[in-house]
Structure formats: C-alpha cells, structure tokens
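Trainee: The structure is given below, and queries will be raised subsequently.
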Amino acid sequence: MIVAPITSCSINGSKDGTLMPQTARRYGLYLLDALLLLAIFHWLHSSASHLLNPSNSKPALQVSSDKTANTPIEQKTAATDLLGIDVSHYQGNVDWEEVSDDFHFAFIKATEGTEYTDPDFIQNMNNVDDTDMAYGAYHFYSPDEDGLEQARHFINATQNIKFTLPPVLDVEVAPDDDVSNFQQAIKSWLVYVENTMGCRPIIYSDKNFWDEYLKEAFSHYTVWISDYSDEASDVASINWAFWQFTDQGKAEGVSGFVDQSRFKGSEQSLLALGDCQI
C-alpha cells in the first residue's frame, strides 16, 4: 500500500487549514492511540509500585527470625559439675566405651586391707585406658590392719599401671581403738603412697564419718564425700571436690546399679589434680 507523504501540519489539518489526507489522518490517530496507551501503562505501573511499596510511607519493619540478633550474646560462665562412676568386681564386665559417652572420670577398686586385690582391677584399668576418661584407683582401708602394710600392698598391686587421677583411700569403717591411733595409721598410708607415686591421694568417706573421725586431721586433703542426696546444700559444709550422690545410678555399659559422683570443676581442674605412676 502506498501512503501519501505527510507534510508539516497540525494533527487536525494542514498549514493552510485544509483537512489532511485520509491516510495521514489515520496514522495520526494511531499515534495518538499509542501515546494514550503508553500514558495508561505508565500510570498503572506507578500505581502498582505505590501500592506495593508506597514512596510516601515509612519502610516496612524488617523482622528477624533470630530473636537475639539485636541483643548482646550472654556468656554463660557457670561451671558444670562433671559426672563419674566408681566400680569394683561387683559391677561385672564393664563396657568402658559406652560408659565414656556419658561420664568424664572413673575410680576403680584395686585393693583392700593387706592382701586382697579386686579380681577385675587389671581388666578395668586396661579397658578404661582405651577411652578418653580420666581415671584412678582406690584402696578400701581396714582399720584393724596396719596402715603402712596396706599402703605397700596397694603400691605392689598398682605397679607399672598408669593413672590420670590420684589414688584414693576409702575410709568408712570405724576403729576399735582410740581416734588418734586410727588417724596416725591413716596418715602413714597417705604419706607412703604420696612419696612413692608422686602425688597426694584423695580421701573418700561418707559425710558423718568424715565429720566425726577425719575432718580435724585431714581437711588439707582433696575430699571425695559420700552423701546420697539430691541437694548440694546437704554437703555444703564440707569443702568437697568429689561428691558421691547416689549408689543407685544407671549407666550405659554397666549392668545393675553403680555409684555416681560429681566433680566440682572443669576437665582442666580435674586433670590438674595430678597423674600418678610408680
């Protein structure tokens, strides 16, 4: 189709006032329609943008899913007591790998009196050494046998065995003679073992026995107190490092009940008690 050329003109007519040719008029209307559509499109776009994010209103609040994003992080510095167990042959075969999943330390019975050695002592010591638990051995003190001879028996039974915690003297049977002789015999055990192994032993006893027989003479030793209570306030009068709080505990890897204790401190302070080896 041939379109007549458009001369300089107004939309409605030519310079001399005559009407534009029909074809030129048609294209002029097309241009007007296009401009009108463009204006409508621009208005719709502006309205939509205004509705979604009005330019004359405040920016929408940004709500964080982290409720503490704008608050200082609180540093929790309270110490958490570490859990441990103590065992003898009464607990049977112990799976120490399973125990180590929930507990940080263990004390294993080695000897009693001047002759008895726990039949599972060596097995328990070898197996606990394969875990990352801290561990030591304990001697059950017999008040009617010589304290120094009991110390020598303990040392003989634990030779060439590595410990990561100090040895423990378990004292819980009352003496037949006077208290001063009893205390002197206990001291002979403690001094001999400390001089031989190179670290100061821990004393284990129940609360009442400690108060009656041991507190006055041995308060400078690390204390492992026994008191089966749910309340730490019950043993608050004693400067304990370990607290055996139940003999009815359950542990994965141990069949039946087992004694459980808490250590008041961190892993670093636990290990700082000293590793002992003859």
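Here, A, B, ... name the chains of the structure tokens in the order displayed, residue numbers run from 1 inside each chain, and ligands are numbered from 1 in the same displayed order.
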Considering only C-alpha atoms, return as a list in words whatever protein or nucleic-acid residues lie within 12 Å of A:Asp130, sequence-local ones (same chain, fewer than 5 positions apart) excluded.
Mentor: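 Listed by chain and then number, they are Asp95, Trp96, Glu97, Glu98, Val99, Ser100, Gln123, Asn124, Met125, Tyr135 and Lys162 of chain A.
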Trainee: Keeping N, CA, C and O atoms, export the residues of the selection given above as an mmCIF file, in the first residue's frame.
Mentor:
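out05.cif written:
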```
data_model
loop_
_atom_site.group_PDB
_atom_site.id
_atom_site.type_symbol
_atom_site.label_atom_id
_atom_site.label_comp_id
_atom_site.auth_asym_id
_atom_site.auth_seq_id
_atom_site.Cartn_x
_atom_site.Cartn_y
_atom_site.Cartn_z
ATOM 1 N N ASP A 95 31.484 -52.151 79.984
ATOM 2 C CA ASP A 95 31.800 -51.665 78.641
ATOM 3 C C ASP A 95 32.233 -50.206 78.767
ATOM 4 O O ASP A 95 31.408 -49.295 78.778
ATOM 5 N N TRP A 96 33.522 -49.965 78.855
ATOM 6 C CA TRP A 96 34.030 -48.628 79.133
ATOM 7 C C TRP A 96 33.818 -47.667 77.979
ATOM 8 O O TRP A 96 33.716 -46.451 78.194
ATOM 9 N N GLU A 97 33.766 -48.171 76.761
ATOM 10 C CA GLU A 97 33.488 -47.290 75.622
ATOM 11 C C GLU A 97 32.096 -46.669 75.754
ATOM 12 O O GLU A 97 31.905 -45.478 75.495
ATOM 13 N N GLU A 98 31.125 -47.471 76.157
ATOM 14 C CA GLU A 98 29.776 -46.935 76.359
ATOM 15 C C GLU A 98 29.733 -45.997 77.559
ATOM 16 O O GLU A 98 29.090 -44.945 77.524
ATOM 17 N N VAL A 99 30.404 -46.370 78.623
ATOM 18 C CA VAL A 99 30.434 -45.515 79.809
ATOM 19 C C VAL A 99 31.007 -44.137 79.470
ATOM 20 O O VAL A 99 30.512 -43.103 79.926
ATOM 21 N N SER A 100 32.041 -44.120 78.664
ATOM 22 C CA SER A 100 32.731 -42.859 78.358
ATOM 23 C C SER A 100 31.872 -41.892 77.553
ATOM 24 O O SER A 100 32.207 -40.706 77.457
ATOM 25 N N GLN A 123 41.776 -55.763 84.476
ATOM 26 C CA GLN A 123 40.919 -55.689 83.284
ATOM 27 C C GLN A 123 40.266 -54.322 83.159
ATOM 28 O O GLN A 123 40.252 -53.720 82.074
ATOM 29 N N ASN A 124 39.730 -53.811 84.259
ATOM 30 C CA ASN A 124 39.098 -52.489 84.226
ATOM 31 C C ASN A 124 40.103 -51.394 83.878
ATOM 32 O O ASN A 124 39.802 -50.486 83.093
ATOM 33 N N MET A 125 41.299 -51.468 84.458
ATOM 34 C CA MET A 125 42.309 -50.449 84.180
ATOM 35 C C MET A 125 42.743 -50.481 82.715
ATOM 36 O O MET A 125 42.912 -49.428 82.087
ATOM 37 N N TYR A 135 40.998 -41.337 85.070
ATOM 38 C CA TYR A 135 40.758 -42.483 85.940
ATOM 39 C C TYR A 135 41.863 -42.644 86.977
ATOM 40 O O TYR A 135 43.001 -42.208 86.805
ATOM 41 N N LYS A 162 49.485 -46.990 84.655
ATOM 42 C CA LYS A 162 49.369 -45.539 84.511
ATOM 43 C C LYS A 162 48.031 -45.065 85.050
ATOM 44 O O LYS A 162 46.997 -45.689 84.833
#
```
Trainee: Excluding same-chain residues fewer than 2 positions from A:Asp176, what lies within 12 Å of it counting only C-alpha atoms, as a CSV table (one decimal) with N, CA and C atoms, in the first residue's frame?
Mentor:
```csv
chain,number,residue,atom,x,y,z
A,142,SER,N,41.2,-50.9,105.9
A,142,SER,CA,40.7,-51.8,107.0
A,142,SER,C,41.4,-51.3,108.3
A,143,PRO,N,40.5,-50.8,109.3
A,143,PRO,CA,41.1,-50.2,110.5
A,143,PRO,C,41.8,-51.2,111.4
A,144,ASP,N,41.6,-52.5,111.2
A,144,ASP,CA,42.2,-53.5,112.1
A,144,ASP,C,43.5,-54.1,111.5
A,145,GLU,N,44.0,-53.5,110.5
A,145,GLU,CA,45.2,-53.9,109.9
A,145,GLU,C,46.2,-52.7,109.8
A,173,VAL,N,35.1,-47.4,107.8
A,173,VAL,CA,34.9,-48.3,108.8
A,173,VAL,C,35.5,-47.8,110.1
A,174,ALA,N,34.7,-47.7,111.2
A,174,ALA,CA,35.2,-47.1,112.4
A,174,ALA,C,36.2,-47.9,113.1
A,178,ASP,N,41.5,-45.9,119.9
A,178,ASP,CA,41.2,-44.5,120.0
A,178,ASP,C,41.4,-43.8,118.7
A,179,VAL,N,40.8,-42.7,118.5
A,179,VAL,CA,40.8,-42.0,117.2
A,179,VAL,C,42.2,-41.5,116.8
A,180,SER,N,43.0,-41.1,117.7
A,180,SER,CA,44.3,-40.6,117.4
A,180,SER,C,45.2,-41.7,116.7
A,181,ASN,N,45.2,-42.9,117.3
A,181,ASN,CA,45.9,-44.0,116.7
A,181,ASN,C,45.3,-44.3,115.3
A,182,PHE,N,44.1,-44.3,115.2
A,182,PHE,CA,43.4,-44.5,113.9
A,182,PHE,C,43.9,-43.5,112.8
```
Trainee: Considering only C-alpha atoms, tabulate each residue of stretch 76-119 of chain A that lies at most 10 Å from stretch 222-245 of chain A along with its nearest interatomic pair and the corresponding distance in Å to one decimal; arrange the rows by chain and ascending residue number and present them as a Markdown table.
Mentor:
```
| residue | atom | partner | partner_atom | distance |
| --- | --- | --- | --- | --- |
| A:Asp81 | CA | A:Phe242 | CA | 9.3 |
| A:Leu82 | CA | A:Phe242 | CA | 9.3 |
| A:Leu83 | CA | A:Phe242 | CA | 9.4 |
| A:Gly84 | CA | A:Gln244 | CA | 8.9 |
| A:Ile85 | CA | A:Gln244 | CA | 8.6 |
| A:Asp86 | CA | A:Gln244 | CA | 9.2 |
```
Trainee: Let's have the selection written as an mmCIF file, in the first residue's frame, with all heavy atoms.
Mentor:
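The file below, again_0.cif, is the result:
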```cif
data_model
loop_
_atom_site.group_PDB
_atom_site.id
_atom_site.type_symbol
_atom_site.label_atom_id
_atom_site.label_comp_id
_atom_site.auth_asym_id
_atom_site.auth_seq_id
_atom_site.Cartn_x
_atom_site.Cartn_y
_atom_site.Cartn_z
ATOM 1 N N ASP A 81 29.256 -29.347 86.885
ATOM 2 C CA ASP A 81 29.928 -30.472 87.517
ATOM 3 C C ASP A 81 30.068 -31.626 86.532
ATOM 4 O O ASP A 81 29.152 -31.937 85.776
ATOM 5 C CB ASP A 81 29.128 -30.934 88.733
ATOM 6 C CG ASP A 81 29.085 -29.885 89.831
ATOM 7 O OD1 ASP A 81 29.937 -28.988 89.802
ATOM 8 O OD2 ASP A 81 28.211 -29.976 90.707
ATOM 9 N N LEU A 82 31.252 -32.260 86.566
ATOM 10 C CA LEU A 82 31.495 -33.417 85.713
ATOM 11 C C LEU A 82 31.031 -34.681 86.420
ATOM 12 O O LEU A 82 31.166 -34.807 87.641
ATOM 13 C CB LEU A 82 32.989 -33.511 85.389
ATOM 14 C CG LEU A 82 33.635 -32.279 84.757
ATOM 15 C CD1 LEU A 82 35.116 -32.546 84.488
ATOM 16 C CD2 LEU A 82 32.923 -31.885 83.473
ATOM 17 N N LEU A 83 30.521 -35.624 85.656
ATOM 18 C CA LEU A 83 29.995 -36.869 86.220
ATOM 19 C C LEU A 83 31.014 -38.000 86.109
ATOM 20 O O LEU A 83 31.760 -38.094 85.134
ATOM 21 C CB LEU A 83 28.715 -37.279 85.508
ATOM 22 C CG LEU A 83 27.461 -36.439 85.782
ATOM 23 C CD1 LEU A 83 26.316 -36.928 84.905
ATOM 24 C CD2 LEU A 83 27.071 -36.491 87.248
ATOM 25 N N GLY A 84 31.014 -38.860 87.132
ATOM 26 C CA GLY A 84 31.889 -40.021 87.113
ATOM 27 C C GLY A 84 31.260 -41.197 87.834
ATOM 28 O O GLY A 84 30.219 -41.066 88.496
ATOM 29 N N ILE A 85 31.909 -42.354 87.734
ATOM 30 C CA ILE A 85 31.445 -43.557 88.428
ATOM 31 C C ILE A 85 32.627 -44.197 89.149
ATOM 32 O O ILE A 85 33.792 -43.882 88.869
ATOM 33 C CB ILE A 85 30.806 -44.586 87.470
ATOM 34 C CG1 ILE A 85 31.841 -45.119 86.475
ATOM 35 C CG2 ILE A 85 29.627 -43.976 86.733
ATOM 36 C CD1 ILE A 85 31.336 -46.284 85.635
ATOM 37 N N ASP A 86 32.326 -45.081 90.093
ATOM 38 C CA ASP A 86 33.357 -45.937 90.684
ATOM 39 C C ASP A 86 32.850 -47.371 90.651
ATOM 40 O O ASP A 86 31.656 -47.628 90.843
ATOM 41 C CB ASP A 86 33.721 -45.494 92.093
ATOM 42 C CG ASP A 86 32.551 -45.507 93.061
ATOM 43 O OD1 ASP A 86 31.814 -44.502 93.119
ATOM 44 O OD2 ASP A 86 32.370 -46.522 93.761
#
```
Trainee: Taking only stretch 110-196 of chain A into account, list the residues labelled alpha helix (DSSP H) by DSSP (computed from the backbone), as JSON, numbers by chain.
Mentor: {"A": [121, 122, 123, 124, 125, 126, 127, 128, 147, 148, 149, 150, 151, 152, 153, 154, 155, 156, 157, 179, 180, 181, 182, 183, 184, 185, 186, 187, 188, 189, 190, 191, 192, 193, 194, 195, 196]}
Trainee: Looking at A:Arg200, A:Lys187, A:Arg152, A:His89, which one is nearest to A:Val171, with distances taken over only C-alpha atoms?
Mentor: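 That would be A:Lys187, the residue with the smallest distance to A:Val171.
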Trainee: For A:Phe121, please output as a list in words all residues within 10 Å (counting only C-alpha atoms; exclusion window: fewer than 2 positions along the same chain).
Mentor: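 Listing them by chain and then by number gives Val87, Ser88, His89, Ile108, Lys109, Ala110, Thr111, Thr117, Asp118, Pro119, Gln123, Asn124, Met125, Asn126, Ala137, Ala157 and Thr158 of chain A.
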Trainee: Filtering to all heavy atoms, could you give me those residues as a tab-separated table (two decimals), in the first residue's frame?
Mentor:
```tsv
chain	number	residue	atom	x	y	z
A	87	VAL	N	33.78	-48.30	90.38
A	87	VAL	CA	33.38	-49.69	90.18
A	87	VAL	C	34.35	-50.64	90.88
A	87	VAL	O	35.48	-50.28	91.21
A	87	VAL	CB	33.34	-50.06	88.68
A	87	VAL	CG1	32.38	-49.14	87.92
A	87	VAL	CG2	34.73	-50.00	88.06
A	88	SER	N	33.85	-51.85	91.09
A	88	SER	CA	34.67	-52.98	91.54
A	88	SER	C	34.16	-54.20	90.77
A	88	SER	O	33.37	-54.07	89.82
A	88	SER	CB	34.53	-53.17	93.05
A	88	SER	OG	33.22	-53.62	93.37
A	89	HIS	N	34.59	-55.39	91.21
A	89	HIS	CA	34.14	-56.59	90.50
A	89	HIS	C	32.63	-56.80	90.66
A	89	HIS	O	32.03	-57.57	89.90
A	89	HIS	CB	34.88	-57.83	91.02
A	89	HIS	CG	34.52	-58.21	92.42
A	89	HIS	ND1	35.05	-57.58	93.53
A	89	HIS	CD2	33.66	-59.16	92.90
A	89	HIS	CE1	34.55	-58.13	94.62
A	89	HIS	NE2	33.70	-59.08	94.27
A	108	ILE	N	38.49	-46.96	90.20
A	108	ILE	CA	38.38	-48.41	90.12
A	108	ILE	C	39.03	-49.04	91.35
A	108	ILE	O	40.15	-48.67	91.73
A	108	ILE	CB	39.06	-48.91	88.84
A	108	ILE	CG1	38.33	-48.33	87.61
A	108	ILE	CG2	39.08	-50.43	88.78
A	108	ILE	CD1	39.10	-48.48	86.32
A	109	LYS	N	38.30	-49.97	91.96
A	109	LYS	CA	38.85	-50.61	93.16
A	109	LYS	C	40.06	-51.46	92.80
A	109	LYS	O	40.02	-52.29	91.89
A	109	LYS	CB	37.80	-51.48	93.85
A	109	LYS	CG	38.32	-52.08	95.17
A	109	LYS	CD	37.24	-52.81	95.94
A	109	LYS	CE	37.79	-53.31	97.27
A	109	LYS	NZ	36.77	-53.98	98.10
A	110	ALA	N	41.15	-51.23	93.58
A	110	ALA	CA	42.37	-52.01	93.39
A	110	ALA	C	42.55	-53.03	94.51
A	110	ALA	O	42.68	-54.23	94.26
A	110	ALA	CB	43.58	-51.08	93.33
A	111	THR	N	42.55	-52.53	95.77
A	111	THR	CA	42.93	-53.39	96.88
A	111	THR	C	42.08	-53.11	98.11
A	111	THR	O	41.35	-52.11	98.19
A	111	THR	CB	44.41	-53.17	97.25
A	111	THR	OG1	44.63	-51.77	97.45
A	111	THR	CG2	45.32	-53.67	96.15
A	117	THR	N	43.18	-58.18	96.49
A	117	THR	CA	43.21	-57.40	95.25
A	117	THR	C	41.94	-57.72	94.46
A	117	THR	O	41.61	-58.90	94.27
A	117	THR	CB	44.44	-57.74	94.39
A	117	THR	OG1	45.63	-57.42	95.14
A	117	THR	CG2	44.44	-56.93	93.10
A	118	ASP	N	41.24	-56.69	94.00
A	118	ASP	CA	40.00	-56.90	93.27
A	118	ASP	C	40.29	-57.70	91.99
A	118	ASP	O	41.19	-57.34	91.22
A	118	ASP	CB	39.37	-55.56	92.90
A	118	ASP	CG	37.96	-55.72	92.36
A	118	ASP	OD1	37.82	-56.02	91.15
A	118	ASP	OD2	37.01	-55.54	93.13
A	119	PRO	N	39.54	-58.79	91.75
A	119	PRO	CA	39.84	-59.66	90.60
A	119	PRO	C	39.66	-58.98	89.24
A	119	PRO	O	40.25	-59.44	88.24
A	119	PRO	CB	38.87	-60.83	90.77
A	119	PRO	CG	37.78	-60.30	91.64
A	119	PRO	CD	38.42	-59.31	92.56
A	123	GLN	N	41.78	-55.76	84.48
A	123	GLN	CA	40.92	-55.69	83.28
A	123	GLN	C	40.27	-54.32	83.16
A	123	GLN	O	40.25	-53.72	82.07
A	123	GLN	CB	39.84	-56.78	83.36
A	123	GLN	CG	38.81	-56.70	82.22
A	123	GLN	CD	37.73	-57.75	82.35
A	123	GLN	OE1	38.06	-58.95	82.41
A	123	GLN	NE2	36.47	-57.33	82.41
A	124	ASN	N	39.73	-53.81	84.26
A	124	ASN	CA	39.10	-52.49	84.23
A	124	ASN	C	40.10	-51.39	83.88
A	124	ASN	O	39.80	-50.49	83.09
A	124	ASN	CB	38.43	-52.19	85.58
A	124	ASN	CG	37.09	-52.86	85.72
A	124	ASN	OD1	36.33	-52.99	84.76
A	124	ASN	ND2	36.77	-53.29	86.94
A	125	MET	N	41.30	-51.47	84.46
A	125	MET	CA	42.31	-50.45	84.18
A	125	MET	C	42.74	-50.48	82.72
A	125	MET	O	42.91	-49.43	82.09
A	125	MET	CB	43.52	-50.64	85.10
A	125	MET	CG	43.23	-50.39	86.56
A	125	MET	SD	42.61	-48.72	86.91
A	125	MET	CE	44.02	-47.73	86.47
A	126	ASN	N	42.92	-51.65	82.17
A	126	ASN	CA	43.33	-51.74	80.76
A	126	ASN	C	42.25	-51.21	79.82
A	126	ASN	O	42.56	-50.52	78.83
A	126	ASN	CB	43.64	-53.21	80.40
A	126	ASN	CG	44.92	-53.71	81.02
A	126	ASN	OD1	45.81	-52.91	81.36
A	126	ASN	ND2	45.04	-55.02	81.20
A	137	ALA	N	42.71	-45.28	90.88
A	137	ALA	CA	42.41	-46.50	91.62
A	137	ALA	C	42.19	-46.16	93.09
A	137	ALA	O	42.71	-45.15	93.60
A	137	ALA	CB	43.54	-47.50	91.48
A	157	ALA	N	50.25	-53.75	94.07
A	157	ALA	CA	49.18	-54.12	93.13
A	157	ALA	C	49.05	-53.15	91.96
A	157	ALA	O	48.48	-53.52	90.92
A	157	ALA	CB	47.85	-54.22	93.88
A	158	THR	N	49.56	-51.96	92.11
A	158	THR	CA	49.38	-50.94	91.06
A	158	THR	C	50.68	-50.58	90.33
A	158	THR	O	50.71	-49.62	89.57
A	158	THR	CB	48.77	-49.66	91.67
A	158	THR	OG1	49.62	-49.17	92.71
A	158	THR	CG2	47.38	-49.92	92.22
```
Trainee: Excluding A:Met133 and residues on its chain fewer than 4 positions from it, collect all residues at most 8 Å away from it, counting only C-alpha atoms, and give them as a PyMOL selection string.
Mentor: chain A and resi 100+103-106+128-129
Trainee: Quick one, how far is atom CA of A:Gly265 from atom CA of A:Tyr221?
Mentor: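 A separation of 16.3 Å between them.
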Trainee: In terms of the shortest atom-to-atom distance over only C-alpha atoms, which of A:Ile186, A:Val191, A:Ala151, A:Cys199 is closest to A:Asp275?
Mentor: A:Cys199
Trainee: Mind pulling up the distance from atom CA of A:Leu169 to atom CA of A:Ser205?
Mentor: 8.7 Å
Trainee: Need to verify the contact set: A:Gln184, 12 Å, only C-alpha atoms, exclusion of same-chain residues closer than 5 positions in sequence. Can you return it as a VMD selection string?
Mentor: chain A and resid 143 146 to 148 175 177 to 179 189 to 191 213 to 214 217 to 218
Trainee: If you run DSSP on this backbone, which residues of stretch 96-140 of chain A come out as strand (DSSP E or B), and could you give them as a list in words?
Mentor: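 Taking stretch 96-140 of chain A and keeping strand (DSSP E or B) gives Phe105, Ala106, Phe107, Ile108, Lys109, Ala110, Thr111, Glu112, Tyr116, Thr117, Ala134, Tyr135, Gly136, Ala137, Tyr138, His139 and Phe140 of chain A.
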Trainee: Limited to all heavy atoms, could you put the picked residues into a file as a tab-separated table (two decimals), in the first residue's frame?
Mentor:
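Wrote out_35.tsv, looks like this:
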```tsv
chain	number	residue	atom	x	y	z
A	105	PHE	N	34.96	-39.32	84.35
A	105	PHE	CA	36.03	-39.91	85.15
A	105	PHE	C	35.53	-41.19	85.82
A	105	PHE	O	34.32	-41.44	85.90
A	105	PHE	CB	36.54	-38.92	86.21
A	105	PHE	CG	35.52	-38.53	87.24
A	105	PHE	CD1	35.38	-39.27	88.42
A	105	PHE	CD2	34.70	-37.43	87.06
A	105	PHE	CE1	34.43	-38.90	89.38
A	105	PHE	CE2	33.77	-37.05	88.01
A	105	PHE	CZ	33.63	-37.79	89.18
A	106	ALA	N	36.50	-41.98	86.31
A	106	ALA	CA	36.17	-43.23	86.99
A	106	ALA	C	37.24	-43.54	88.03
A	106	ALA	O	38.43	-43.25	87.83
A	106	ALA	CB	36.07	-44.37	85.99
A	107	PHE	N	36.80	-44.12	89.15
A	107	PHE	CA	37.70	-44.68	90.14
A	107	PHE	C	37.42	-46.17	90.24
A	107	PHE	O	36.27	-46.59	90.35
A	107	PHE	CB	37.52	-44.00	91.50
A	107	PHE	CG	38.04	-42.59	91.53
A	107	PHE	CD1	37.15	-41.52	91.56
A	107	PHE	CD2	39.40	-42.33	91.52
A	107	PHE	CE1	37.62	-40.21	91.59
A	107	PHE	CE2	39.88	-41.04	91.54
A	107	PHE	CZ	39.00	-39.97	91.58
A	108	ILE	N	38.49	-46.96	90.20
A	108	ILE	CA	38.38	-48.41	90.12
A	108	ILE	C	39.03	-49.04	91.35
A	108	ILE	O	40.15	-48.67	91.73
A	108	ILE	CB	39.06	-48.91	88.84
A	108	ILE	CG1	38.33	-48.33	87.61
A	108	ILE	CG2	39.08	-50.43	88.78
A	108	ILE	CD1	39.10	-48.48	86.32
A	109	LYS	N	38.30	-49.97	91.96
A	109	LYS	CA	38.85	-50.61	93.16
A	109	LYS	C	40.06	-51.46	92.80
A	109	LYS	O	40.02	-52.29	91.89
A	109	LYS	CB	37.80	-51.48	93.85
A	109	LYS	CG	38.32	-52.08	95.17
A	109	LYS	CD	37.24	-52.81	95.94
A	109	LYS	CE	37.79	-53.31	97.27
A	109	LYS	NZ	36.77	-53.98	98.10
A	110	ALA	N	41.15	-51.23	93.58
A	110	ALA	CA	42.37	-52.01	93.39
A	110	ALA	C	42.55	-53.03	94.51
A	110	ALA	O	42.68	-54.23	94.26
A	110	ALA	CB	43.58	-51.08	93.33
A	111	THR	N	42.55	-52.53	95.77
A	111	THR	CA	42.93	-53.39	96.88
A	111	THR	C	42.08	-53.11	98.11
A	111	THR	O	41.35	-52.11	98.19
A	111	THR	CB	44.41	-53.17	97.25
A	111	THR	OG1	44.63	-51.77	97.45
A	111	THR	CG2	45.32	-53.67	96.15
A	112	GLU	N	42.23	-54.01	99.10
A	112	GLU	CA	41.57	-53.87	100.40
A	112	GLU	C	42.44	-54.55	101.44
A	112	GLU	O	42.96	-55.65	101.20
A	112	GLU	CB	40.18	-54.50	100.36
A	112	GLU	CG	39.41	-54.42	101.65
A	112	GLU	CD	38.01	-54.99	101.54
A	112	GLU	OE1	37.45	-55.02	100.43
A	112	GLU	OE2	37.45	-55.40	102.59
A	116	TYR	N	44.05	-58.40	99.92
A	116	TYR	CA	43.03	-58.56	98.89
A	116	TYR	C	43.27	-57.62	97.70
A	116	TYR	O	43.52	-56.42	97.88
A	116	TYR	CB	41.64	-58.29	99.47
A	116	TYR	CG	40.51	-58.41	98.45
A	116	TYR	CD1	39.97	-59.64	98.13
A	116	TYR	CD2	40.01	-57.27	97.82
A	116	TYR	CE1	38.94	-59.76	97.21
A	116	TYR	CE2	38.98	-57.37	96.90
A	116	TYR	CZ	38.44	-58.61	96.59
A	116	TYR	OH	37.43	-58.72	95.68
A	117	THR	N	43.18	-58.18	96.49
A	117	THR	CA	43.21	-57.40	95.25
A	117	THR	C	41.94	-57.72	94.46
A	117	THR	O	41.61	-58.90	94.27
A	117	THR	CB	44.44	-57.74	94.39
A	117	THR	OG1	45.63	-57.42	95.14
A	117	THR	CG2	44.44	-56.93	93.10
A	134	ALA	N	39.19	-39.68	82.45
A	134	ALA	CA	40.22	-39.61	83.49
A	134	ALA	C	39.94	-40.74	84.48
A	134	ALA	O	38.78	-41.06	84.75
A	134	ALA	CB	40.18	-38.26	84.18
A	135	TYR	N	41.00	-41.34	85.07
A	135	TYR	CA	40.76	-42.48	85.94
A	135	TYR	C	41.86	-42.64	86.98
A	135	TYR	O	43.00	-42.21	86.81
A	135	TYR	CB	40.63	-43.76	85.11
A	135	TYR	CG	41.85	-44.07	84.27
A	135	TYR	CD1	42.87	-44.87	84.76
A	135	TYR	CD2	41.98	-43.55	82.99
A	135	TYR	CE1	44.00	-45.15	84.00
A	135	TYR	CE2	43.10	-43.83	82.21
A	135	TYR	CZ	44.10	-44.62	82.73
A	135	TYR	OH	45.22	-44.88	81.97
A	136	GLY	N	41.46	-43.28	88.07
A	136	GLY	CA	42.39	-43.60	89.15
A	136	GLY	C	41.93	-44.85	89.87
A	136	GLY	O	40.90	-45.44	89.53
A	137	ALA	N	42.71	-45.28	90.88
A	137	ALA	CA	42.41	-46.50	91.62
A	137	ALA	C	42.19	-46.16	93.09
A	137	ALA	O	42.71	-45.15	93.60
A	137	ALA	CB	43.54	-47.50	91.48
A	138	TYR	N	41.43	-47.02	93.79
A	138	TYR	CA	41.22	-46.78	95.21
A	138	TYR	C	41.49	-48.03	96.05
A	138	TYR	O	41.41	-49.17	95.57
A	138	TYR	CB	39.82	-46.23	95.49
A	138	TYR	CG	38.65	-47.19	95.38
A	138	TYR	CD1	38.22	-47.91	96.49
A	138	TYR	CD2	37.93	-47.33	94.19
A	138	TYR	CE1	37.13	-48.77	96.41
A	138	TYR	CE2	36.83	-48.17	94.09
A	138	TYR	CZ	36.44	-48.89	95.21
A	138	TYR	OH	35.36	-49.74	95.13
A	139	HIS	N	41.85	-47.76	97.31
A	139	HIS	CA	42.11	-48.81	98.29
A	139	HIS	C	41.08	-48.69	99.40
A	139	HIS	O	40.86	-47.60	99.96
A	139	HIS	CB	43.52	-48.65	98.87
A	139	HIS	CG	43.80	-49.57	100.01
A	139	HIS	ND1	44.22	-50.88	99.84
A	139	HIS	CD2	43.71	-49.39	101.38
A	139	HIS	CE1	44.40	-51.45	101.02
A	139	HIS	NE2	44.08	-50.57	101.98
A	140	PHE	N	40.44	-49.80	99.76
A	140	PHE	CA	39.49	-49.83	100.86
A	140	PHE	C	40.25	-50.11	102.14
A	140	PHE	O	40.86	-51.18	102.31
A	140	PHE	CB	38.42	-50.90	100.62
A	140	PHE	CG	37.29	-50.86	101.60
A	140	PHE	CD1	36.16	-50.11	101.35
A	140	PHE	CD2	37.37	-51.58	102.80
A	140	PHE	CE1	35.11	-50.07	102.27
A	140	PHE	CE2	36.34	-51.55	103.71
A	140	PHE	CZ	35.21	-50.79	103.45
```
